[in-house]
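See below for protein.cif, which holds mmCIF, C-alpha atoms.
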data_run
loop_
_atom_site.label_atom_id
_atom_site.label_comp_id
_atom_site.auth_asym_id
_atom_site.auth_seq_id
_atom_site.Cartn_x
_atom_site.Cartn_y
_atom_site.Cartn_z
CA MET A 1 -69.49 -10.66 73.21
CA PHE A 2 -72.14 -8.98 71.06
CA ASP A 3 -71.33 -6.56 68.23
CA SER A 4 -74.32 -4.23 68.45
CA HIS A 5 -73.73 -2.48 65.11
CA CYS A 6 -71.94 -3.56 61.94
CA HIS A 7 -72.50 -3.82 58.19
CA LEU A 8 -71.64 -7.36 57.15
CA THR A 9 -73.02 -6.84 53.66
CA ASP A 10 -70.44 -4.12 53.02
CA LEU A 11 -67.69 -6.73 53.46
CA PRO A 12 -66.38 -8.82 50.55
CA ASP A 13 -67.04 -12.11 52.40
CA PRO A 14 -69.81 -11.75 55.01
CA ALA A 15 -69.89 -15.48 55.82
CA GLY A 16 -66.12 -15.50 56.29
CA ALA A 17 -66.37 -12.47 58.55
CA LEU A 18 -68.92 -14.32 60.66
CA ARG A 19 -66.63 -17.31 60.99
CA GLU A 20 -63.72 -15.05 61.98
CA ALA A 21 -65.91 -13.35 64.57
CA VAL A 22 -66.89 -16.65 66.17
CA ALA A 23 -63.26 -17.76 66.27
CA ALA A 24 -62.36 -14.49 68.00
CA GLY A 25 -64.98 -15.03 70.72
CA VAL A 26 -67.77 -12.85 69.32
CA GLY A 27 -71.03 -14.68 69.93
CA SER A 28 -73.30 -12.66 67.68
CA VAL A 29 -73.64 -9.41 65.72
CA LEU A 30 -76.39 -7.05 64.62
CA THR A 31 -75.93 -6.33 60.93
CA CYS A 32 -77.66 -3.21 59.65
CA GLY A 33 -79.13 -1.96 56.40
CA TYR A 34 -79.24 1.70 55.48
CA ASP A 35 -80.72 2.11 51.97
CA ALA A 36 -82.63 0.04 49.41
CA ARG A 37 -79.53 -1.83 48.19
CA ALA A 38 -78.17 -2.55 51.66
CA ASN A 39 -81.56 -3.62 52.99
CA ALA A 40 -81.91 -6.11 50.13
CA ALA A 41 -78.42 -7.46 50.84
CA VAL A 42 -79.17 -7.81 54.55
CA ARG A 43 -82.36 -9.72 53.74
CA ALA A 44 -80.41 -12.09 51.51
CA LEU A 45 -77.78 -12.66 54.19
CA ARG A 46 -80.50 -13.30 56.74
CA ARG A 47 -81.97 -15.99 54.47
CA ALA A 48 -78.57 -17.70 54.45
CA HIS A 49 -78.22 -17.33 58.25
CA PRO A 50 -81.78 -17.41 59.66
CA ARG A 51 -80.72 -16.76 63.26
CA LEU A 52 -78.60 -13.73 62.44
CA PRO A 53 -79.80 -10.54 64.23
CA TRP A 54 -80.58 -7.88 61.64
CA ALA A 55 -81.80 -4.33 61.22
CA LEU A 56 -83.51 -2.61 58.29
CA GLY A 57 -83.86 1.12 57.81
CA LEU A 58 -83.13 4.27 55.84
CA HIS A 59 -80.01 6.19 56.88
CA PRO A 60 -80.16 10.00 56.90
CA TRP A 61 -77.61 10.17 54.07
CA HIS A 62 -80.18 8.36 51.93
CA ALA A 63 -83.27 10.23 53.16
CA ALA A 64 -84.03 11.32 49.59
CA GLU A 65 -85.02 7.72 48.83
CA ALA A 66 -88.67 6.74 49.18
CA ILE A 67 -89.51 5.79 52.75
CA GLU A 68 -92.68 3.83 51.95
CA PRO A 69 -90.89 0.66 50.76
CA VAL A 70 -88.81 0.64 53.94
CA LEU A 71 -91.91 0.94 56.12
CA ALA A 72 -93.56 -1.88 54.20
CA LEU A 73 -90.43 -4.01 54.62
CA LEU A 74 -90.36 -3.42 58.37
CA GLN A 75 -94.01 -4.44 58.65
CA GLN A 76 -93.43 -7.56 56.55
CA GLU A 77 -90.13 -8.75 58.03
CA ARG A 78 -90.24 -7.65 61.68
CA PRO A 79 -86.41 -7.57 61.99
CA THR A 80 -84.49 -7.47 65.25
CA ALA A 81 -84.25 -3.67 65.10
CA VAL A 82 -84.94 -0.63 62.93
CA GLY A 83 -81.75 0.90 61.61
CA GLU A 84 -79.49 2.38 60.74
CA ILE A 85 -81.61 5.53 61.04
CA GLY A 86 -81.11 8.98 62.53
CA LEU A 87 -79.96 12.50 61.70
CA ASP A 88 -76.76 13.90 60.20
CA LEU A 89 -75.59 17.51 59.92
CA GLY A 90 -72.55 16.79 57.79
CA PRO A 91 -70.54 18.32 56.34
CA GLU A 92 -69.36 15.38 54.20
CA PRO A 93 -71.12 13.92 52.37
CA PRO A 94 -73.63 16.79 52.07
CA PRO A 95 -76.75 15.44 53.80
CA PRO A 96 -80.33 15.92 52.60
CA PRO A 97 -82.26 18.84 54.14
CA LEU A 98 -82.84 18.43 57.87
CA ALA A 99 -86.62 18.68 57.46
CA ARG A 100 -86.58 15.66 55.13
CA GLN A 101 -84.29 13.74 57.47
CA ILE A 102 -86.67 14.38 60.38
CA GLU A 103 -89.66 13.31 58.29
CA VAL A 104 -87.95 10.02 57.41
CA LEU A 105 -86.76 9.47 60.97
CA GLU A 106 -90.19 10.10 62.48
CA ALA A 107 -91.80 7.65 60.07
CA GLN A 108 -89.34 4.95 61.13
CA LEU A 109 -89.67 5.73 64.84
CA ASP A 110 -93.42 5.44 64.44
CA ALA A 111 -92.95 2.02 62.81
CA ALA A 112 -90.61 0.97 65.63
CA ASP A 113 -93.23 2.08 68.15
CA ARG A 114 -96.03 0.16 66.44
CA LEU A 115 -93.93 -2.97 65.93
CA ARG A 116 -92.30 -2.78 69.39
CA LEU A 117 -88.80 -2.81 67.90
CA PRO A 118 -85.66 -1.07 69.16
CA VAL A 119 -83.71 1.32 66.94
CA THR A 120 -80.04 1.93 66.19
CA LEU A 121 -79.35 5.62 65.66
CA HIS A 122 -76.84 7.63 63.66
CA HIS A 123 -76.41 11.13 65.11
CA ARG A 124 -73.36 12.88 63.64
CA ARG A 125 -73.31 16.51 64.87
CA ALA A 126 -77.05 16.21 65.52
CA LEU A 127 -77.59 15.24 69.17
CA GLY A 128 -79.38 18.53 69.85
CA GLU A 129 -81.73 18.01 66.94
CA LEU A 130 -82.26 14.32 67.66
CA LEU A 131 -83.33 14.59 71.29
CA PRO A 132 -86.68 16.41 70.76
CA VAL A 133 -87.59 13.98 68.00
CA LEU A 134 -87.02 10.97 70.26
CA ARG A 135 -89.04 12.61 73.04
CA ARG A 136 -92.06 12.47 70.73
CA PHE A 137 -91.79 8.65 70.79
CA PRO A 138 -91.43 7.87 74.50
CA ARG A 139 -92.05 4.12 74.13
CA VAL A 140 -89.18 3.58 71.67
CA ARG A 141 -85.79 2.45 72.99
CA GLY A 142 -82.53 2.01 71.18
CA ALA A 143 -78.81 2.59 70.81
CA LEU A 144 -76.83 5.72 69.99
CA HIS A 145 -74.53 4.10 67.46
CA ALA A 146 -70.88 5.26 67.60
CA CYS A 147 -71.73 7.53 70.49
CA SER A 148 -69.32 10.46 70.66
CA GLY A 149 -71.02 13.27 72.55
CA SER A 150 -70.00 14.63 75.91
CA PRO A 151 -71.39 12.98 79.05
CA GLU A 152 -73.59 16.04 79.53
CA GLN A 153 -75.00 15.72 76.00
CA VAL A 154 -75.61 11.99 76.29
CA ARG A 155 -77.25 11.96 79.73
CA PRO A 156 -80.74 13.04 78.49
CA PHE A 157 -80.73 10.12 76.05
CA LEU A 158 -79.89 7.70 78.84
CA ASP A 159 -82.80 9.16 80.79
CA LEU A 160 -85.06 8.19 77.86
CA GLY A 161 -83.79 4.62 78.04
CA TYR A 162 -81.23 4.73 75.23
CA LEU A 163 -77.84 3.03 75.37
CA ALA A 164 -74.47 4.25 74.07
CA GLY A 165 -72.57 2.24 71.47
CA ILE A 166 -68.81 2.35 72.05
CA GLY A 167 -66.65 1.21 69.14
CA GLY A 168 -63.17 1.21 67.69
CA ALA A 169 -62.47 4.88 68.38
CA VAL A 170 -62.02 3.99 72.05
CA THR A 171 -58.84 2.09 71.13
CA ARG A 172 -57.20 5.24 69.73
CA PRO A 173 -55.23 7.33 72.27
CA GLY A 174 -56.03 10.51 70.35
CA ALA A 175 -59.81 10.03 70.54
CA ALA A 176 -60.05 12.01 73.78
CA ARG A 177 -63.76 12.82 73.53
CA VAL A 178 -64.89 9.23 73.03
CA ARG A 179 -62.50 7.93 75.69
CA ARG A 180 -63.76 10.50 78.21
CA LEU A 181 -67.33 9.42 77.49
CA ALA A 182 -66.42 5.74 77.80
CA ARG A 183 -65.02 6.37 81.27
CA ALA A 184 -67.94 8.52 82.41
CA LEU A 185 -70.89 6.41 81.29
CA PRO A 186 -72.51 3.99 83.72
CA LEU A 187 -71.67 0.44 82.71
CA ASP A 188 -75.35 -0.43 82.41
CA ALA A 189 -75.65 2.12 79.57
CA ILE A 190 -72.92 0.76 77.27
CA LEU A 191 -72.99 -1.49 74.22
CA LEU A 192 -69.96 -2.75 72.29
CA GLU A 193 -69.77 -2.31 68.52
CA THR A 194 -67.37 -2.24 65.57
CA ASP A 195 -69.40 -0.58 62.79
CA ALA A 196 -67.34 -2.85 60.53
CA PRO A 197 -66.01 -1.94 58.04
CA ALA A 198 -66.43 1.78 58.65
CA ILE A 199 -64.80 2.96 61.92
CA GLY A 200 -61.11 2.28 62.42
CA LEU A 201 -59.27 1.01 65.47
CA GLU A 202 -55.75 1.89 66.51
CA GLY A 203 -53.59 0.36 63.79
CA ILE A 204 -56.56 -0.85 61.69
CA ARG A 205 -58.07 1.51 59.17
CA PRO A 206 -61.34 1.14 57.24
CA PRO A 207 -62.29 -0.87 55.28
CA ALA A 208 -60.21 -3.53 57.05
CA VAL A 209 -62.33 -3.44 60.22
CA ARG A 210 -64.23 -6.65 61.03
CA PRO A 211 -66.53 -7.87 63.84
CA ALA A 212 -63.61 -10.10 64.89
CA HIS A 213 -61.93 -6.93 66.18
CA LEU A 214 -64.58 -6.50 68.88
CA PRO A 215 -62.34 -8.03 71.61
CA ARG A 216 -59.98 -5.09 71.10
CA VAL A 217 -62.83 -2.69 71.80
CA LEU A 218 -63.69 -4.66 74.93
CA ALA A 219 -60.08 -4.65 76.12
CA ALA A 220 -59.65 -0.91 75.59
CA LEU A 221 -62.91 -0.11 77.35
CA ALA A 222 -62.05 -2.31 80.34
CA GLU A 223 -58.59 -0.73 80.61
CA LEU A 224 -59.99 2.81 80.45
CA ARG A 225 -62.52 2.03 83.16
CA GLU A 226 -59.96 0.12 85.25
CA ASP A 227 -62.31 -2.84 85.27
CA SER A 228 -61.99 -6.49 84.31
CA ARG A 229 -62.73 -7.63 80.77
CA ASP A 230 -65.04 -10.32 82.11
CA ARG A 231 -67.14 -7.84 84.04
CA VAL A 232 -67.40 -5.40 81.13
CA GLU A 233 -68.29 -8.22 78.72
CA GLU A 234 -70.95 -9.59 81.05
CA ALA A 235 -72.49 -6.16 81.60
CA THR A 236 -72.53 -5.10 77.94
CA ASP A 237 -73.97 -8.44 76.88
CA ALA A 238 -76.72 -8.04 79.48
CA ASN A 239 -77.43 -4.54 78.15
CA ALA A 240 -77.67 -5.89 74.60
CA ALA A 241 -79.97 -8.72 75.66
CA ALA A 242 -82.27 -6.27 77.41
CA LEU A 243 -82.49 -4.06 74.33
CA PHE A 244 -82.48 -6.52 71.43
CA GLY A 245 -83.79 -9.62 73.21
CA PRO A 246 -81.83 -12.55 74.63
CA GLY A 247 -82.26 -14.49 71.41
CA ALA A 248 -80.04 -12.00 69.58
CA LEU A 249 -77.08 -12.97 71.74
CA ALA A 250 -77.81 -16.69 71.60
CA ALA A 251 -77.83 -16.89 67.80
CA PRO A 252 -75.24 -19.35 66.42
CA LEU A 253 -73.90 -17.37 63.48
CA GLY A 254 -72.99 -20.34 61.33
CA ASP A 255 -76.33 -22.14 61.55
CA ARG A 256 -78.50 -22.38 58.48
#
As structure tokens, please, write out the structure in this file.
Amino acid sequence: MFDSHCHLTDLPDPAGALREAVAAGVGSVLTCGYDARANAAVRALRRAHPRLPWALGLHPWHAAEAIEPVLALLQQERPTAVGEIGLDLGPEPPPPPLARQIEVLEAQLDAADRLRLPVTLHHRRALGELLPVLRRFPRVRGALHACSGSPEQVRPFLDLGYLAGIGGAVTRPGAARVRRLARALPLDAILLETDAPAIGLEGIRPPAVRPAHLPRVLAALAELREDSRDRVEEATDANAAALFGPGALAAPLGDR
């Protein structure tokens, strides 16, 4: 099992969370930065765990920060992916102006294109605004993190080669929109994720979410699709390997 999007450095004990994930059957995770502080923390964690898949980027909430240091960091470090990046139309917290968000996003998509890196995308209430931006970078591929649009909204992104991240919301019976999408998507377009510690599962509220909860996401997705857990795990792992590289899934989390 591969957790395609989480924030280990927002947890009080990242190394402990990794050990718990391994014990729960999670083979690897992609841990993401999102601003200057988080990117520095992710770099430090990566030094402690050199095989840990990682992403660096500037989140739309933090688009007021300077983008140049992030671009220099991407060039220097060549992480597994660029992220968490994207667009956000709010309302809470009030996001920076859309024009600035697009400027920051385009700069990072250009870096991803040049460096041949995938991206992991935030897109709250902004799928319509995001699509034309991505179309300007046809060689870039990535994941729609915490995907929650309708099947009709998401289909054009799949046509561009993007994958849909399905996380803890799928475990909640009241999350009808996400659960409908999870049933409708082709299996070869789905990634598993937790977004730990941010997105809750049924009975587990943030900030208690951990990558070790990924098997619950897998189980809920398999049940919704009336498919076996083994088949869904195999397919989503294959999708992750195709996007992030097979080495991302093979990384022993505890190795130094």
Selection dump of the PyMOL selection byres ((chain A and resi 227-232) around 10), as a ChimeraX atom specification: /A:1,187-188,190-192,215,218-226,233-238
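Every protein or nucleic acid residue with an atom no more than 10 Å from Ala198 of chain A, counting all atoms listed in the file and leaving out same-chain residues fewer than 2 positions away, appears here: Cys6, His7, Asp10, Gly168, Thr194, Asp195, Ala196, Gly200, Leu201, Arg205, Pro206, Pro207, Ala208, Val209 and Arg210 of chain A.
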Non-local contacts of Ala212 of chain A (9 Å; all atoms listed in the file; under 6 positions in same chain excluded) as a PyMOL selection string: chain A and resi 17-26+194
Polymer residues at most 12 Å from His122 of chain A, all atoms listed in the file, same-chain spacing of 5 or more positions, as a PyMOL selection string: chain A and resi 5+32+34+57-61+82-90+101+105+127+129-130+142-148+164-165+195
Export C-alpha atoms of the chosen residues as a compact mmCIF listing (two decimals), in the frame of the given file?
# COMPACT_ATOMS: atom_id res chain seq x y z
CA HIS A 5 -73.73 -2.48 65.11
CA CYS A 32 -77.66 -3.21 59.65
CA TYR A 34 -79.24 1.70 55.48
CA GLY A 57 -83.86 1.12 57.81
CA LEU A 58 -83.13 4.27 55.84
CA HIS A 59 -80.01 6.19 56.88
CA PRO A 60 -80.16 10.00 56.90
CA TRP A 61 -77.61 10.17 54.07
CA VAL A 82 -84.94 -0.63 62.93
CA GLY A 83 -81.75 0.90 61.61
CA GLU A 84 -79.49 2.38 60.74
CA ILE A 85 -81.61 5.53 61.04
CA GLY A 86 -81.11 8.98 62.53
CA LEU A 87 -79.96 12.50 61.70
CA ASP A 88 -76.76 13.90 60.20
CA LEU A 89 -75.59 17.51 59.92
CA GLY A 90 -72.55 16.79 57.79
CA GLN A 101 -84.29 13.74 57.47
CA LEU A 105 -86.76 9.47 60.97
CA LEU A 127 -77.59 15.24 69.17
CA GLU A 129 -81.73 18.01 66.94
CA LEU A 130 -82.26 14.32 67.66
CA GLY A 142 -82.53 2.01 71.18
CA ALA A 143 -78.81 2.59 70.81
CA LEU A 144 -76.83 5.72 69.99
CA HIS A 145 -74.53 4.10 67.46
CA ALA A 146 -70.88 5.26 67.60
CA CYS A 147 -71.73 7.53 70.49
CA SER A 148 -69.32 10.46 70.66
CA ALA A 164 -74.47 4.25 74.07
CA GLY A 165 -72.57 2.24 71.47
CA ASP A 195 -69.40 -0.58 62.79
Interatomic distance, atom CA of Leu98 of chain A to atom CA of Leu134 of chain A (Å, one decimal): 15.1 Å
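When only C-alpha atoms are used to measure the gap to Pro14 of chain A, the shortest distance among A:Gln108, A:Pro156, A:Leu185, A:Val29 belongs to A:Val29.
The two atoms in question, atom CA of Asp113 of chain A and atom CA of Leu56 of chain A, are spaced 14.6 Å apart.
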Long-range neighbours of Ala176 of chain A as an MDAnalysis selection string, 12 Å cut-off, only C-alpha atoms, 5 positions minimum in chain: chainID A and resid 148:150 169:171 181:183 224
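Between atom CA of Ala107 of chain A and atom CA of Val70 of chain A the separation is 9.8 Å.
Closest approach to Thr80 of chain A from the set A:Ala38, A:Ala64, A:Ile199, A:Val119 is made by A:Val119, with distances taken over only C-alpha atoms.
Here the question is which of A:Arg47, A:Arg114, A:His62, A:Arg179 gets nearest to Phe137 of chain A using only C-alpha atoms, and that residue is A:Arg114.
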